[in-house]
file upload_4.cif (mmCIF, C-alpha atoms)
data_entry
#
loop_
_atom_site.label_atom_id
_atom_site.label_comp_id
_atom_site.auth_asym_id
_atom_site.auth_seq_id
_atom_site.Cartn_x
_atom_site.Cartn_y
_atom_site.Cartn_z
CA MET V 1 234.45 195.72 149.59
CA HIS V 2 233.93 194.26 153.06
CA HIS V 3 233.22 197.49 154.97
CA SER V 4 231.33 196.59 158.15
CA GLU V 5 232.18 195.17 161.53
CA HIS V 6 234.14 191.91 161.36
CA LYS V 7 234.66 189.40 164.12
CA ILE V 8 237.64 187.09 164.33
CA PHE V 9 237.98 183.88 166.33
CA ILE V 10 241.46 182.64 167.32
CA LEU V 11 242.22 178.91 167.58
CA THR V 12 245.98 178.28 167.82
CA GLU V 13 248.61 176.88 170.18
CA GLU V 14 249.35 180.44 171.31
CA ASN V 15 245.93 182.11 171.59
CA GLN V 16 247.06 184.79 174.05
CA SER V 17 250.03 185.83 171.91
CA TYR V 18 247.83 186.12 168.82
CA HIS V 19 245.17 187.99 170.81
CA ASP V 20 247.70 190.56 172.07
CA LEU V 21 249.38 190.96 168.67
CA LEU V 22 246.05 191.51 166.90
CA LEU V 23 245.10 194.16 169.44
CA SER V 24 248.46 195.90 168.98
CA HIS V 25 247.78 196.24 165.24
CA SER V 26 244.49 198.12 165.90
CA LEU V 27 242.96 196.81 162.69
CA PRO V 28 239.88 198.81 161.65
CA GLU V 29 236.39 197.34 162.13
CA LEU V 30 237.80 194.13 163.59
CA THR V 31 236.96 192.73 167.02
CA ILE V 32 238.05 189.47 168.62
CA THR V 33 235.19 187.17 169.63
CA GLN V 34 235.03 184.16 171.93
CA GLU V 35 231.86 182.96 170.19
CA PRO V 36 232.43 180.78 167.10
CA ALA V 37 228.91 181.53 165.82
CA GLU V 38 229.75 185.25 165.54
CA ALA V 39 233.02 184.95 163.61
CA ASP V 40 233.28 185.63 159.88
CA ILE V 41 237.11 185.35 160.06
CA VAL V 42 239.06 182.59 161.81
CA LEU V 43 242.80 182.64 162.57
CA ALA V 44 243.70 179.03 163.27
CA ALA V 45 246.14 176.15 163.24
CA PRO V 46 244.60 173.69 160.74
CA PRO V 47 244.70 170.58 162.99
CA LYS V 48 242.91 172.51 165.75
CA VAL V 49 240.08 173.81 163.58
CA ALA V 50 239.55 170.92 161.14
CA ASP V 51 236.90 169.14 163.24
CA LYS V 52 235.25 172.41 164.35
CA LEU V 53 234.48 174.06 161.00
CA ASP V 54 230.74 173.53 161.41
CA GLN V 55 230.79 175.68 164.57
CA PHE V 56 231.38 178.75 162.35
CA PRO V 57 228.17 179.36 160.35
CA LYS V 58 229.31 182.87 159.27
CA LEU V 59 232.82 181.82 158.20
CA GLN V 60 234.05 183.64 155.10
CA TRP V 61 237.84 183.56 155.48
CA LEU V 62 240.15 181.23 157.38
CA GLN V 63 243.76 182.36 157.84
CA SER V 64 245.97 179.37 158.62
CA THR V 65 248.90 179.94 160.96
CA TYR V 66 250.76 177.14 159.13
CA ALA V 67 252.04 176.75 155.59
CA GLY V 68 250.70 173.18 155.52
CA VAL V 69 246.91 172.97 155.35
CA ASN V 70 246.37 169.27 154.59
CA ALA V 71 244.29 168.89 157.79
CA LEU V 72 241.64 171.00 156.01
CA MET V 73 241.75 169.11 152.71
CA PRO V 74 239.72 165.89 153.36
CA SER V 75 236.80 165.71 150.94
CA GLY V 76 234.13 165.63 153.66
CA LEU V 77 235.10 169.01 155.13
CA ARG V 78 233.58 172.39 154.29
CA ARG V 79 235.05 174.34 151.40
CA ASP V 80 232.63 177.28 151.27
CA TYR V 81 235.17 179.83 152.49
CA THR V 82 238.41 181.46 151.39
CA LEU V 83 241.50 179.74 152.82
CA THR V 84 244.86 181.46 153.07
CA ASN V 85 248.11 180.20 154.54
CA VAL V 86 251.43 181.79 155.49
CA ARG V 87 254.32 181.89 153.04
CA GLY V 88 257.60 183.67 152.64
CA ILE V 89 258.69 183.32 156.29
CA PHE V 90 259.95 179.73 156.38
CA GLY V 91 262.76 179.80 153.81
CA PRO V 92 265.48 181.14 156.14
CA LEU V 93 264.49 178.70 158.91
CA ILE V 94 264.55 175.69 156.58
CA ALA V 95 267.91 176.82 155.18
CA GLU V 96 269.37 177.03 158.69
CA TYR V 97 268.11 173.51 159.48
CA VAL V 98 269.40 171.90 156.27
CA LEU V 99 272.78 173.62 156.21
CA GLY V 100 273.28 173.34 159.96
CA TYR V 101 272.80 169.59 159.95
CA SER V 102 274.78 169.16 156.72
CA ILE V 103 277.76 171.01 158.17
CA ALA V 104 277.48 169.09 161.45
CA HIS V 105 277.45 165.79 159.53
CA TRP V 106 280.37 166.36 157.18
CA ARG V 107 282.44 168.19 159.79
CA HIS V 108 281.83 165.36 162.33
CA LEU V 109 280.57 167.76 165.01
CA PRO V 110 278.59 165.10 166.96
CA LEU V 111 281.73 162.93 167.00
CA TYR V 112 283.85 165.77 168.39
CA ALA V 113 281.25 166.31 171.12
CA GLN V 114 281.65 162.64 172.07
CA GLN V 115 285.43 162.91 171.97
CA GLN V 116 285.35 165.94 174.25
CA GLN V 117 283.40 163.93 176.82
CA GLN V 118 286.22 161.37 176.69
CA ARG V 119 288.97 164.05 176.69
CA GLN V 120 290.13 162.61 173.38
CA TRP V 121 292.16 164.65 170.86
CA GLN V 122 291.59 162.98 167.50
CA PRO V 123 291.24 164.95 164.23
CA HIS V 124 289.16 163.54 161.35
CA LEU V 125 289.25 164.34 157.65
CA TYR V 126 286.20 166.22 156.39
CA THR V 127 284.75 167.59 153.17
CA SER V 128 283.51 171.09 152.43
CA LEU V 129 279.99 171.91 151.27
CA GLN V 130 281.53 173.79 148.34
CA GLY V 131 280.89 171.97 145.08
CA LYS V 132 278.35 169.57 146.53
CA ARG V 133 275.12 169.12 144.61
CA VAL V 134 271.76 169.64 146.31
CA VAL V 135 268.49 168.45 144.79
CA ILE V 136 265.52 170.39 146.18
CA LEU V 137 262.04 168.95 145.64
CA GLY V 138 259.77 171.97 145.36
CA THR V 139 260.75 175.34 143.86
CA GLY V 140 258.34 177.55 145.83
CA SER V 141 259.41 180.25 148.29
CA ILE V 142 261.01 177.75 150.69
CA GLY V 143 262.89 175.76 148.05
CA ASN V 144 264.02 178.85 146.18
CA HIS V 145 265.31 180.55 149.34
CA LEU V 146 267.17 177.37 150.29
CA ALA V 147 268.71 177.35 146.79
CA HIS V 148 269.73 181.00 147.25
CA VAL V 149 271.56 180.28 150.52
CA CYS V 150 273.10 177.06 149.18
CA SER V 151 274.37 178.88 146.09
CA ALA V 152 276.01 181.53 148.27
CA MET V 153 277.90 178.75 150.06
CA GLY V 154 279.16 177.27 146.82
CA LEU V 155 276.73 174.39 146.33
CA HIS V 156 275.25 173.47 142.95
CA THR V 157 271.44 173.69 143.19
CA MET V 158 268.91 171.61 141.26
CA GLY V 159 265.17 172.16 141.62
CA ILE V 160 262.35 169.70 140.93
CA ASN V 161 258.82 170.88 140.10
CA ARG V 162 255.74 169.98 138.03
CA THR V 163 256.70 172.07 134.99
CA GLY V 164 260.48 171.91 134.66
CA ILE V 165 260.36 175.71 134.39
CA PRO V 166 262.46 177.76 136.86
CA PRO V 167 260.41 179.86 139.31
CA THR V 168 260.35 183.66 139.09
CA GLY V 169 263.61 184.98 140.52
CA SER V 170 265.10 181.49 140.42
CA HIS V 171 268.23 180.66 142.40
CA PHE V 172 268.49 177.17 140.87
CA HIS V 173 271.36 176.31 138.57
CA GLN V 174 269.09 173.72 136.93
CA THR V 175 265.36 172.93 137.10
CA TYR V 176 264.00 169.48 136.36
CA HIS V 177 260.48 168.25 135.64
CA ILE V 178 259.17 165.81 138.26
CA ASN V 179 259.36 163.09 135.59
CA GLU V 180 263.13 163.66 135.46
CA LEU V 181 263.57 163.09 139.20
CA ALA V 182 265.79 160.02 138.70
CA ALA V 183 268.23 161.98 136.50
CA ALA V 184 268.60 164.62 139.20
CA LEU V 185 268.95 162.15 142.09
CA THR V 186 271.85 160.31 140.42
CA GLN V 187 273.88 163.55 140.77
CA ALA V 188 272.88 164.44 144.34
CA ASP V 189 274.94 164.76 147.50
CA ILE V 190 272.00 166.25 149.41
CA VAL V 191 268.29 165.70 148.74
CA VAL V 192 265.74 168.00 150.39
CA ASN V 193 261.98 167.50 150.20
CA THR V 194 259.99 170.72 150.70
CA LEU V 195 256.84 169.50 148.88
CA PRO V 196 253.35 169.63 150.38
CA SER V 197 251.13 166.57 150.72
CA THR V 198 249.08 166.02 147.56
CA GLU V 199 247.92 162.99 145.57
CA GLN V 200 250.84 163.61 143.19
CA THR V 201 253.52 163.79 145.91
CA LYS V 202 252.50 160.85 148.14
CA GLN V 203 255.43 158.42 148.42
CA LEU V 204 257.30 160.21 145.65
CA LEU V 205 260.48 159.25 147.51
CA ASN V 206 260.01 155.49 147.18
CA GLN V 207 262.23 152.51 146.44
CA ALA V 208 262.32 153.27 142.70
CA SER V 209 263.39 156.91 143.13
CA LEU V 210 265.69 156.43 146.14
CA SER V 211 267.57 153.66 144.33
CA HIS V 212 269.07 156.36 142.09
CA CYS V 213 270.77 158.00 145.10
CA ARG V 214 274.34 157.27 146.19
CA GLN V 215 275.15 157.98 149.85
CA VAL V 216 273.12 161.17 150.01
CA LEU V 217 272.03 163.17 152.99
CA LEU V 218 268.23 163.09 152.83
CA PHE V 219 266.12 165.81 154.46
CA ASN V 220 262.35 165.69 154.78
CA VAL V 221 261.04 169.09 155.86
CA GLY V 222 257.93 169.00 153.66
CA ARG V 223 255.34 166.39 154.61
CA GLY V 224 255.74 162.91 156.06
CA ASP V 225 253.78 161.03 153.42
CA VAL V 226 256.08 162.14 150.57
CA LEU V 227 258.59 159.59 151.91
CA ASP V 228 257.96 155.83 151.81
CA ASN V 229 259.20 154.69 155.24
CA ALA V 230 259.91 151.09 154.21
CA ALA V 231 261.86 152.34 151.19
CA LEU V 232 263.97 154.58 153.46
CA LEU V 233 264.97 151.59 155.62
CA LEU V 234 266.10 149.75 152.46
CA ALA V 235 267.88 152.88 151.20
CA LEU V 236 269.85 153.14 154.45
CA LYS V 237 270.75 149.44 154.32
CA ASN V 238 271.97 149.77 150.71
CA ARG V 239 273.77 153.08 151.43
CA TRP V 240 271.63 154.90 148.87
CA VAL V 241 271.05 157.22 151.80
CA GLU V 242 273.96 157.81 154.20
CA HIS V 243 271.88 159.69 156.76
CA ALA V 244 268.28 160.87 156.92
CA PHE V 245 267.19 164.02 158.78
CA LEU V 246 263.44 163.78 159.32
CA ASP V 247 261.33 166.61 160.73
CA VAL V 248 257.91 165.47 159.47
CA PHE V 249 256.10 162.14 159.71
CA GLU V 250 252.85 160.56 158.57
CA GLN V 251 251.87 160.20 162.22
CA GLU V 252 252.86 162.94 164.65
CA PRO V 253 254.01 162.58 167.36
CA LEU V 254 256.07 159.70 165.99
CA PRO V 255 255.06 156.60 168.03
CA SER V 256 257.67 155.60 170.62
CA ASP V 257 257.88 152.06 169.17
CA HIS V 258 258.64 153.30 165.62
CA PRO V 259 261.83 151.70 164.19
CA PHE V 260 263.25 155.10 163.17
CA TRP V 261 264.02 155.99 166.80
CA GLY V 262 266.64 153.26 167.12
CA LEU V 263 268.67 153.94 163.98
CA LYS V 264 271.84 155.97 164.26
CA GLN V 265 271.60 156.85 160.54
CA ILE V 266 268.37 158.76 161.20
CA THR V 267 268.08 162.09 163.00
CA ILE V 268 264.55 162.81 164.25
CA THR V 269 263.30 166.29 165.11
CA PRO V 270 259.71 167.00 166.29
CA HIS V 271 258.44 169.15 163.39
CA ILE V 272 260.47 172.17 164.44
CA ALA V 273 262.52 172.92 161.30
CA ALA V 274 260.43 176.03 160.60
CA LEU V 275 258.02 177.16 163.29
CA SER V 276 255.34 179.77 162.63
CA PHE V 277 256.31 182.77 164.72
CA ALA V 278 253.16 184.58 165.82
CA GLU V 279 254.58 188.03 165.05
CA GLN V 280 255.23 187.11 161.42
CA VAL V 281 251.86 185.37 161.01
CA VAL V 282 250.00 188.42 162.31
CA GLU V 283 251.98 190.71 159.98
CA ILE V 284 250.80 188.58 157.05
CA PHE V 285 247.23 188.54 158.39
CA ALA V 286 247.17 192.30 158.97
CA GLU V 287 248.27 193.02 155.41
CA ASN V 288 245.70 190.56 154.07
CA TYR V 289 242.96 192.04 156.26
CA GLN V 290 243.54 195.45 154.69
CA ARG V 291 243.17 193.83 151.26
CA TRP V 292 240.01 192.07 152.46
CA ILE V 293 238.22 195.22 153.62
CA GLU V 294 239.29 197.11 150.49
CA GLY V 295 237.99 194.38 148.19
CA TYR V 296 241.31 193.18 146.79
CA PRO V 297 242.14 189.47 146.31
CA LEU V 298 243.85 187.95 149.33
CA ASN V 299 247.49 186.93 149.22
CA TYR V 300 248.49 183.28 149.68
CA GLN V 301 245.12 181.77 148.79
CA VAL V 302 245.03 177.97 148.92
CA SER V 303 243.37 175.95 146.17
CA PHE V 304 241.19 173.19 147.57
CA ALA V 305 241.59 171.39 144.23
CA LYS V 306 245.40 171.37 144.40
CA GLY V 307 245.73 171.09 148.18
CA TYR V 308 248.18 174.01 148.47
#
call {"tool": "encode", "arguments": {"input": "upload_4.cif", "output": "structure tokens"}}
result
Amino acid sequence: MHHSEHKIFILTEENQSYHDLLLSHSLPELTITQEPAEADIVLAAPPKVADKLDQFPKLQWLQSTYAGVNALMPSGLRRDYTLTNVRGIFGPLIAEYVLGYSIAHWRHLPLYAQQQQQRQWQPHLYTSLQGKRVVILGTGSIGNHLAHVCSAMGLHTMGINRTGIPPTGSHFHQTYHINELAAALTQADIVVNTLPSTEQTKQLLNQASLSHCRQVLLFNVGRGDVLDNAALLLALKNRWVEHAFLDVFEQEPLPSDHPFWGLKQITITPHIAALSFAEQVVEIFAENYQRWIEGYPLNYQVSFAKGY
């Protein structure tokens, strides 16, 4: 039980929004502090708090406003606190991004926009998403929700994970072990990476794995370092990948002199595929806070050993 006065420090891109939302929830025995030294709970964006952890001597629990917490994983950083992230809110947003761009690509929507500018009436043949095969790397809440939406639109869904066992409530038609990645990729029309950054996932999409693809649409909405950038350039040249939609990068913002900017077979978005909406984050925090003061284990705890 954690019955006593608790103080929370907010360190996000939207401090005022989080401040107002926390106040509106009227959580018991919780006050917002402007003094890091007083706070036993921190609500923060990982990149903003990573180099400031030592300013919180009383820290017991850090609630991340992101799903991705790799900024807090380097071995030199403190690990003497409970870390939780946000889950369960990004699946619909990722599904909209992947299916929206897939439809736009195969239905030639950017081309029709160009033709309209030129007052040009010119139909083009297109293919439906129905019957296409999507390989989703990661079968967690994001990957499984994406599979659910894809299935409803008539796509065949294949999940990749570390066990080869379908997740609870699986929406995948097939689930492959990570060691069987090549077998799945040979069948793919769409490949979507939703995996976090770990030692096991770094450059998983490399020349060896991408060479099994044949004119796929490749989406990276997980983490930038899962994709080998040099291998992607070769994959585009060899038509292993027809078009890449990249929302995450090893270095963000992506440097203006990066070769990806100039390639028409790559669509770049600035890490916006699934934003953390403050209202949803605070809902998750509020529920977890009730568990915290009542002595129950927190939801969405992150393992420092695994990195997610």
call {"tool": "resolve_selection", "arguments": {"input": "upload_4.cif", "expression": "the PyMOL selection byres ((chain V and resi 188-194) around 9)", "output": "short mmCIF file (atom, residue, chain, number, x, y, z; two decimals) with C-alpha atoms, in the coordinates of the input"}}
result
data_model
loop_
_atom_site.label_atom_id
_atom_site.label_comp_id
_atom_site.auth_asym_id
_atom_site.auth_seq_id
_atom_site.Cartn_x
_atom_site.Cartn_y
_atom_site.Cartn_z
CA ILE V 94 264.55 175.69 156.58
CA VAL V 98 269.40 171.90 156.27
CA SER V 102 274.78 169.16 156.72
CA LYS V 132 278.35 169.57 146.53
CA ARG V 133 275.12 169.12 144.61
CA VAL V 134 271.76 169.64 146.31
CA VAL V 135 268.49 168.45 144.79
CA ILE V 136 265.52 170.39 146.18
CA LEU V 137 262.04 168.95 145.64
CA GLY V 138 259.77 171.97 145.36
CA THR V 139 260.75 175.34 143.86
CA GLY V 140 258.34 177.55 145.83
CA ILE V 142 261.01 177.75 150.69
CA GLY V 143 262.89 175.76 148.05
CA MET V 158 268.91 171.61 141.26
CA ALA V 184 268.60 164.62 139.20
CA LEU V 185 268.95 162.15 142.09
CA THR V 186 271.85 160.31 140.42
CA GLN V 187 273.88 163.55 140.77
CA LEU V 195 256.84 169.50 148.88
CA PRO V 196 253.35 169.63 150.38
CA LEU V 205 260.48 159.25 147.51
CA CYS V 213 270.77 158.00 145.10
CA ARG V 214 274.34 157.27 146.19
CA GLN V 215 275.15 157.98 149.85
CA VAL V 216 273.12 161.17 150.01
CA LEU V 217 272.03 163.17 152.99
CA LEU V 218 268.23 163.09 152.83
CA PHE V 219 266.12 165.81 154.46
CA ASN V 220 262.35 165.69 154.78
CA VAL V 221 261.04 169.09 155.86
CA GLY V 222 257.93 169.00 153.66
CA ARG V 223 255.34 166.39 154.61
CA VAL V 226 256.08 162.14 150.57
CA LEU V 227 258.59 159.59 151.91
#
call {"tool": "residues_around", "arguments": {"input": "upload_4.cif", "residues": "Gln290 (chain V)", "least_positions_apart": "4", "cutoff": "12 Å", "atoms": "only C-alpha atoms", "output": "compact mmCIF listing (two decimals) with C-alpha atoms, keeping the file's coordinate frame"}}
result
# COMPACT_ATOMS: atom_id res chain seq x y z
CA MET V 1 234.45 195.72 149.59
CA HIS V 2 233.93 194.26 153.06
CA HIS V 3 233.22 197.49 154.97
CA HIS V 25 247.78 196.24 165.24
CA SER V 26 244.49 198.12 165.90
CA LEU V 27 242.96 196.81 162.69
CA PRO V 28 239.88 198.81 161.65
CA GLU V 29 236.39 197.34 162.13
CA LEU V 30 237.80 194.13 163.59
CA GLU V 283 251.98 190.71 159.98
CA ILE V 284 250.80 188.58 157.05
CA PHE V 285 247.23 188.54 158.39
CA ALA V 286 247.17 192.30 158.97
CA GLU V 294 239.29 197.11 150.49
CA GLY V 295 237.99 194.38 148.19
CA TYR V 296 241.31 193.18 146.79
CA PRO V 297 242.14 189.47 146.31
CA LEU V 298 243.85 187.95 149.33
CA ASN V 299 247.49 186.93 149.22
call {"tool": "atom_distance", "arguments": {"input": "upload_4.cif", "atom1": "CA of Glu250 (chain V)", "atom2": "CA of Ala278 (chain V)"}}
result
25.1 Å
call {"tool": "residues_around", "arguments": {"input": "upload_4.cif", "residues": "Leu109 (chain V)", "least_positions_apart": "5", "cutoff": "12 Å", "atoms": "all atoms listed in the file", "output": "list in words"}}
result
Gly100, Tyr101, Ser102, Ile103, Ala104, Gln114, Gln115, Gln116, Pro123, His124, Leu125 and Tyr126 of chain V
call {"tool": "residues_around", "arguments": {"input": "upload_4.cif", "residues": "Glu14 (chain V)", "least_positions_apart": "4", "cutoff": "12 Å", "atoms": "all atoms listed in the file", "output": "CSV table (one decimal) with C-alpha atoms, keeping the file's coordinate frame"}}
result
chain,number,residue,atom,x,y,z
V,10,ILE,CA,241.5,182.6,167.3
V,18,TYR,CA,247.8,186.1,168.8
V,19,HIS,CA,245.2,188.0,170.8
V,20,ASP,CA,247.7,190.6,172.1
V,21,LEU,CA,249.4,191.0,168.7
V,43,LEU,CA,242.8,182.6,162.6
V,44,ALA,CA,243.7,179.0,163.3
V,45,ALA,CA,246.1,176.2,163.2
V,48,LYS,CA,242.9,172.5,165.8
V,65,THR,CA,248.9,179.9,161.0
V,276,SER,CA,255.3,179.8,162.6
V,277,PHE,CA,256.3,182.8,164.7
V,278,ALA,CA,253.2,184.6,165.8
V,279,GLU,CA,254.6,188.0,165.0
V,281,VAL,CA,251.9,185.4,161.0
call {"tool": "build_atoms", "arguments": {"input": "upload_4.cif", "residues": "region 166-179 of chain V", "atoms": "N, CA and C atoms", "output": "mmCIF file, keeping the file's coordinate frame"}}
result
data_model
loop_
_atom_site.group_PDB
_atom_site.id
_atom_site.type_symbol
_atom_site.label_atom_id
_atom_site.label_comp_id
_atom_site.auth_asym_id
_atom_site.auth_seq_id
_atom_site.Cartn_x
_atom_site.Cartn_y
_atom_site.Cartn_z
ATOM 1 N N PRO V 166 261.963 177.100 135.636
ATOM 2 C CA PRO V 166 262.460 177.760 136.860
ATOM 3 C C PRO V 166 261.417 178.737 137.400
ATOM 4 N N PRO V 167 261.352 178.894 138.740
ATOM 5 C CA PRO V 167 260.410 179.860 139.310
ATOM 6 C C PRO V 167 260.869 181.289 139.027
ATOM 7 N N THR V 168 259.981 182.241 139.211
ATOM 8 C CA THR V 168 260.350 183.660 139.090
ATOM 9 C C THR V 168 261.449 183.982 140.094
ATOM 10 N N GLY V 169 262.489 184.662 139.633
ATOM 11 C CA GLY V 169 263.610 184.980 140.520
ATOM 12 C C GLY V 169 264.361 183.740 140.968
ATOM 13 N N SER V 170 264.522 182.792 140.069
ATOM 14 C CA SER V 170 265.100 181.490 140.420
ATOM 15 C C SER V 170 266.552 181.589 140.884
ATOM 16 N N HIS V 171 266.852 180.813 141.935
ATOM 17 C CA HIS V 171 268.230 180.660 142.400
ATOM 18 C C HIS V 171 268.756 179.256 142.119
ATOM 19 N N PHE V 172 268.065 178.526 141.234
ATOM 20 C CA PHE V 172 268.490 177.170 140.870
ATOM 21 C C PHE V 172 269.415 177.208 139.665
ATOM 22 N N HIS V 173 270.480 176.432 139.737
ATOM 23 C CA HIS V 173 271.360 176.310 138.570
ATOM 24 C C HIS V 173 270.668 175.515 137.470
ATOM 25 N N GLN V 174 269.861 174.526 137.881
ATOM 26 C CA GLN V 174 269.090 173.720 136.930
ATOM 27 C C GLN V 174 267.714 173.436 137.539
ATOM 28 N N THR V 175 266.709 173.304 136.661
ATOM 29 C CA THR V 175 265.360 172.930 137.100
ATOM 30 C C THR V 175 264.897 171.738 136.286
ATOM 31 N N TYR V 176 264.443 170.713 136.991
ATOM 32 C CA TYR V 176 264.000 169.480 136.360
ATOM 33 C C TYR V 176 262.491 169.292 136.526
ATOM 34 N N HIS V 177 261.870 168.682 135.521
ATOM 35 C CA HIS V 177 260.480 168.250 135.640
ATOM 36 C C HIS V 177 260.432 167.054 136.589
ATOM 37 N N ILE V 178 259.321 166.916 137.294
ATOM 38 C CA ILE V 178 259.170 165.810 138.260
ATOM 39 C C ILE V 178 259.424 164.457 137.599
ATOM 40 N N ASN V 179 259.118 164.355 136.298
ATOM 41 C CA ASN V 179 259.360 163.090 135.590
ATOM 42 C C ASN V 179 260.838 162.808 135.392
#
